[in-house]
Structure formats: C-alpha cells, structure tokens
Amino acid sequence: MNITQIVNSSKANSLLNANTNASANTSAQATGSVSPVTQALQKADKRIQSQLDTTTAQLSSFGKLKSAVSDAQLSARALSNFSSTASSADVKSAANKFISAFNAAINTAKTTASVSGGVSAESAGARSVSSDLNRTVRASSATVDSLQQLGIKLSPDGSLTLDATKFDAAQKADPAKVKAALAKIGELVDKTATKELATGGGVSGSMASLNQRSTALKAQQTSLLAITQQAATAQSSSSSSSSSSNYARFGLAAYQSGY
C-alpha cells in the first residue's frame, strides 16, 4: 500500500483531517475533503517518487554508458593484438569495429548527460567521459597526423570516420606502419577507458553516487509510509484523534524540504 492509498482510506482521512474534533456532521463532511496534512503527505511522496524516477533513469543510462565504454576498451585492445597471420582485411575489420565502438561510447555519453531532470553532478560526469575520449584521440598533433594518414577523420562532433580508400592505400604501402599506428591509438583509448571505468572514475563514480541517492530516496519513501501507517494504527486504537494527527505532522516535517 502506498501513501495515496492510505490517505484515501476512510480511516486515514479521519486521522489526518483537521476537523476531526468537530461535530459528527462536520466530521462526516470533512472526511470527503483533503486535509493540509494529507496534502503534505501526498506532495512529499510525489516529490520523492519523481526524484527516484529520475535517478533510476540516470542509472539506466549510465549502465548503457558503462557497457559502451567497455566495448570501446575491448576494441581498442584488439588493435594491439594482431596475430602474425592477420590479413589486411582483418586489420581493416578491427579498425572499423574500433571506430564503431568509439563513436557509440561518445554518443552514449552525450545521451547520458542529457537525461531530463538528472542530477547535475552526474550529468557532468557523463560529459567528462565524452570529453576525455575526445581529448585522447586529439592528444597531440602526432596522434592526429597518424590517424589522418590512416584515413581516420576526426569529426567536429567527436566521432571518427574511416576513409576506406585511404586506409587500403596505407596498408598496401606499409602494413607494419598501419598496425603500429593502430596499436598506439588503441593503447591511448584503452588507458582512458580504464580510468573512466575504475572506482571513482567518470562512469563508476557517477553510478556509485546514483546508487547511494536511490537507496536514500527509497528509505525516505519507507519512512514516510511508516509515518502514515503508524498514525492510522494509533487512530484505530485511541479515542483521541488530535494526538495522532499531531504525530503525523511531526513525522512529516523531515520530508517537507527537497532531498
């Protein structure tokens, strides 16, 4: 049973109505209305639920970001692990997979940062993931030149694109150089992804903070529900409704301000 179900029951309305000490006729009329305490309870419950919904949405989005960064990390590592028998097609396939995974991580980070109503600190954490990945492939002019020589273009939005014709030409001219260049960029991206996924990193740190927030909000919901249930129980076993109403007002005070 939630807050609204409790306060909408005849027992809760009798408990929380400000006119419970009036005449029988007045009480009967007041039972159908919503008292200030009832309104406050419902407002507090609605606020907490809204915050919890947003936190859950952010957690879900960060879960997708974690997966995307992990994929980018794995594809980056693959660029350093070509076998001696790897063909030109194998190398090109690995480069394409890396670019696809890298772009997915960038786009997912942007989506995560833009979750409606999200906590600003965690939104900033998602933006930092995107920024860090962007800085990695633009770490130096040498890195940028190396990518361009392979036909890998850096777009203004942070994504990468592969010029297949230029990449094929680079492989034909010097396949060992292509492998070395890919291994270098893979190493850089792997290092950045490891940092973001580590405890306290942009991804893991934000997820830990959101999990703590979710736990705290659920605890508030449980406590607020208990206030109403205990007050209703007190009303059913006491002939004095005013003391129960005062109890509800006292317990509700902790939930009047935002989280």
# chains A, B, ... in the order shown; residues from 1 in each chain; ligands from 1
call {"tool": "residues_around", "arguments": {"residues": "A:Ser209", "least_positions_apart": "3", "cutoff": "12 Å", "atoms": "only C-alpha atoms", "output": "list in words"}}
result
Thr55, Thr56, Gln58, Leu59, Phe62, Val119, Ser120, Ala121, Glu122, Ser123, Gly125, Thr199, Gly200, Gly201, Gly202, Val203, Ser204, Gly205, Ser206, Gln212, Arg213, Ser214, Thr215 and Ala216 of chain A
call {"tool": "residues_around", "arguments": {"residues": "A:Ser70", "least_positions_apart": "5", "cutoff": "12 Å", "atoms": "only C-alpha atoms", "output": "short mmCIF file (atom, residue, chain, number, x, y, z; two decimals) with N, CA and C atoms, in the first residue's frame"}}
result
data_model
loop_
_atom_site.label_atom_id
_atom_site.label_comp_id
_atom_site.auth_asym_id
_atom_site.auth_seq_id
_atom_site.Cartn_x
_atom_site.Cartn_y
_atom_site.Cartn_z
N GLY A 63 24.36 2.74 -17.00
CA GLY A 63 24.61 1.33 -17.26
C GLY A 63 24.94 1.09 -18.73
N LYS A 64 24.20 1.77 -19.60
CA LYS A 64 24.46 1.67 -21.04
C LYS A 64 25.81 2.30 -21.38
N LEU A 65 26.13 3.40 -20.70
CA LEU A 65 27.42 4.06 -20.94
C LEU A 65 28.58 3.17 -20.51
N SER A 75 37.67 -3.14 -28.02
CA SER A 75 38.03 -2.95 -29.43
C SER A 75 39.37 -2.23 -29.55
N ALA A 76 39.67 -1.36 -28.59
CA ALA A 76 40.97 -0.66 -28.60
C ALA A 76 42.10 -1.64 -28.33
N ARG A 77 41.88 -2.54 -27.39
CA ARG A 77 42.89 -3.54 -27.07
C ARG A 77 43.15 -4.47 -28.25
N PHE A 98 36.65 -0.76 -33.99
CA PHE A 98 37.10 0.23 -33.01
C PHE A 98 36.38 1.55 -33.21
N ALA A 101 32.75 1.31 -32.07
CA ALA A 101 32.62 1.25 -30.61
C ALA A 101 32.96 2.60 -29.98
N PHE A 102 33.98 3.26 -30.53
CA PHE A 102 34.38 4.58 -30.02
C PHE A 102 33.23 5.57 -30.20
N ALA A 104 30.08 4.93 -30.53
CA ALA A 104 28.95 4.55 -29.67
C ALA A 104 29.17 5.07 -28.25
N ALA A 105 30.40 5.00 -27.76
CA ALA A 105 30.70 5.48 -26.42
C ALA A 105 30.51 7.00 -26.34
N VAL A 189 43.34 4.91 -26.02
CA VAL A 189 41.91 4.79 -25.71
C VAL A 189 41.69 3.78 -24.59
N ASP A 190 42.45 2.70 -24.60
CA ASP A 190 42.35 1.70 -23.54
C ASP A 190 42.66 2.34 -22.19
N LYS A 191 43.67 3.16 -22.13
CA LYS A 191 44.06 3.82 -20.89
C LYS A 191 42.95 4.75 -20.39
N THR A 192 42.36 5.49 -21.30
CA THR A 192 41.28 6.41 -20.92
C THR A 192 40.05 5.64 -20.44
N ALA A 193 39.70 4.58 -21.15
CA ALA A 193 38.54 3.77 -20.76
C ALA A 193 38.75 3.14 -19.40
N THR A 194 39.97 2.68 -19.15
CA THR A 194 40.28 2.07 -17.85
C THR A 194 40.07 3.08 -16.73
N LYS A 195 40.49 4.31 -16.95
CA LYS A 195 40.31 5.37 -15.95
C LYS A 195 38.84 5.66 -15.69
N GLU A 196 38.04 5.72 -16.75
CA GLU A 196 36.62 6.03 -16.61
C GLU A 196 35.86 4.92 -15.89
N LEU A 197 36.28 3.67 -16.12
CA LEU A 197 35.59 2.53 -15.53
C LEU A 197 36.09 2.18 -14.13
N ALA A 198 37.23 2.74 -13.75
CA ALA A 198 37.80 2.43 -12.44
C ALA A 198 36.97 3.06 -11.32
N VAL A 203 32.51 7.07 -14.99
CA VAL A 203 31.37 6.16 -15.08
C VAL A 203 31.06 5.52 -13.73
N SER A 204 32.03 4.83 -13.18
CA SER A 204 31.81 4.11 -11.91
C SER A 204 31.50 5.05 -10.75
#
call {"tool": "atom_distance", "arguments": {"atom1": "atom CA of A:Leu224", "atom2": "atom CA of A:Ser50"}}
result
14.8 Å
call {"tool": "atom_distance", "arguments": {"atom1": "atom CA of A:Ala94", "atom2": "atom CA of A:Ser61"}}
result
26.8 Å
call {"tool": "atom_distance", "arguments": {"atom1": "atom CA of A:Ala126", "atom2": "atom CA of A:Ala113"}}
result
5.1 Å
call {"tool": "closest_residue", "arguments": {"among": "A:Lys172, A:Lys218, A:Lys97, A:Lys166", "to": "A:Gly186", "atoms": "only C-alpha atoms"}}
result
A:Lys97
call {"tool": "closest_residue", "arguments": {"among": "A:Glu187, A:Gln49, A:Asn107, A:Asp157", "to": "A:Leu74", "atoms": "only C-alpha atoms"}}
result
A:Glu187
call {"tool": "select_by_dssp", "arguments": {"residues": "stretch 30-193 of chain A", "states": "alpha helix (DSSP H)", "output": "PyMOL selection string"}}
result
chain A and resi 30-31+36-78+88-113+120-137+141-149+164-173+175-193
call {"tool": "select_by_dssp", "arguments": {"residues": "stretch 59-219 of chain A", "states": "strand (DSSP E)", "output": "ChimeraX atom specification"}}
result
/A:152-154,160-162
call {"tool": "write_last_selection", "arguments": {"atoms": "N, CA, C and O atoms", "output": "PDB file, in the first residue's frame"}}
result
ATOM      1  N   ILE A 152      41.614   8.000 -41.075  1.00  0.00           N
ATOM      2  CA  ILE A 152      40.645   8.150 -39.984  1.00  0.00           C
ATOM      3  C   ILE A 152      40.455   9.632 -39.707  1.00  0.00           C
ATOM      4  O   ILE A 152      41.391  10.327 -39.291  1.00  0.00           O
ATOM      5  N   LYS A 153      39.251  10.106 -39.959  1.00  0.00           N
ATOM      6  CA  LYS A 153      38.953  11.526 -39.813  1.00  0.00           C
ATOM      7  C   LYS A 153      38.309  11.813 -38.457  1.00  0.00           C
ATOM      8  O   LYS A 153      37.481  11.040 -37.977  1.00  0.00           O
ATOM      9  N   LEU A 154      38.671  12.943 -37.861  1.00  0.00           N
ATOM     10  CA  LEU A 154      38.093  13.379 -36.593  1.00  0.00           C
ATOM     11  C   LEU A 154      37.031  14.427 -36.892  1.00  0.00           C
ATOM     12  O   LEU A 154      37.342  15.535 -37.350  1.00  0.00           O
ATOM     13  N   LEU A 160      34.507   9.496 -35.117  1.00  0.00           N
ATOM     14  CA  LEU A 160      35.549   9.144 -36.074  1.00  0.00           C
ATOM     15  C   LEU A 160      34.910   8.524 -37.308  1.00  0.00           C
ATOM     16  O   LEU A 160      33.883   7.853 -37.210  1.00  0.00           O
ATOM     17  N   THR A 161      35.514   8.751 -38.465  1.00  0.00           N
ATOM     18  CA  THR A 161      35.055   8.112 -39.697  1.00  0.00           C
ATOM     19  C   THR A 161      36.279   7.576 -40.435  1.00  0.00           C
ATOM     20  O   THR A 161      37.386   8.114 -40.308  1.00  0.00           O
ATOM     21  N   LEU A 162      36.067   6.512 -41.178  1.00  0.00           N
ATOM     22  CA  LEU A 162      37.172   5.880 -41.894  1.00  0.00           C
ATOM     23  C   LEU A 162      37.012   6.045 -43.401  1.00  0.00           C
ATOM     24  O   LEU A 162      35.984   5.685 -43.974  1.00  0.00           O
TER      25      LEU A 162
END
call {"tool": "closest_residue", "arguments": {"among": "A:Leu52, A:Ala78, A:Arg47, A:Ala86", "to": "A:Pro175", "atoms": "only C-alpha atoms"}}
result
A:Ala86
call {"tool": "closest_residue", "arguments": {"among": "A:Gln220, A:Ser80, A:Ser155, A:Gln171", "to": "A:Lys184", "atoms": "only C-alpha atoms"}}
result
A:Ser80
call {"tool": "closest_residue", "arguments": {"among": "A:Val129, A:Ser159, A:Thr165, A:Leu188", "to": "A:Lys92", "atoms": "only C-alpha atoms"}}
result
A:Thr165
call {"tool": "closest_residue", "arguments": {"among": "A:Met207, A:Ala226, A:Val178, A:Ile185", "to": "A:Ser140", "atoms": "only C-alpha atoms"}}
result
A:Ile185
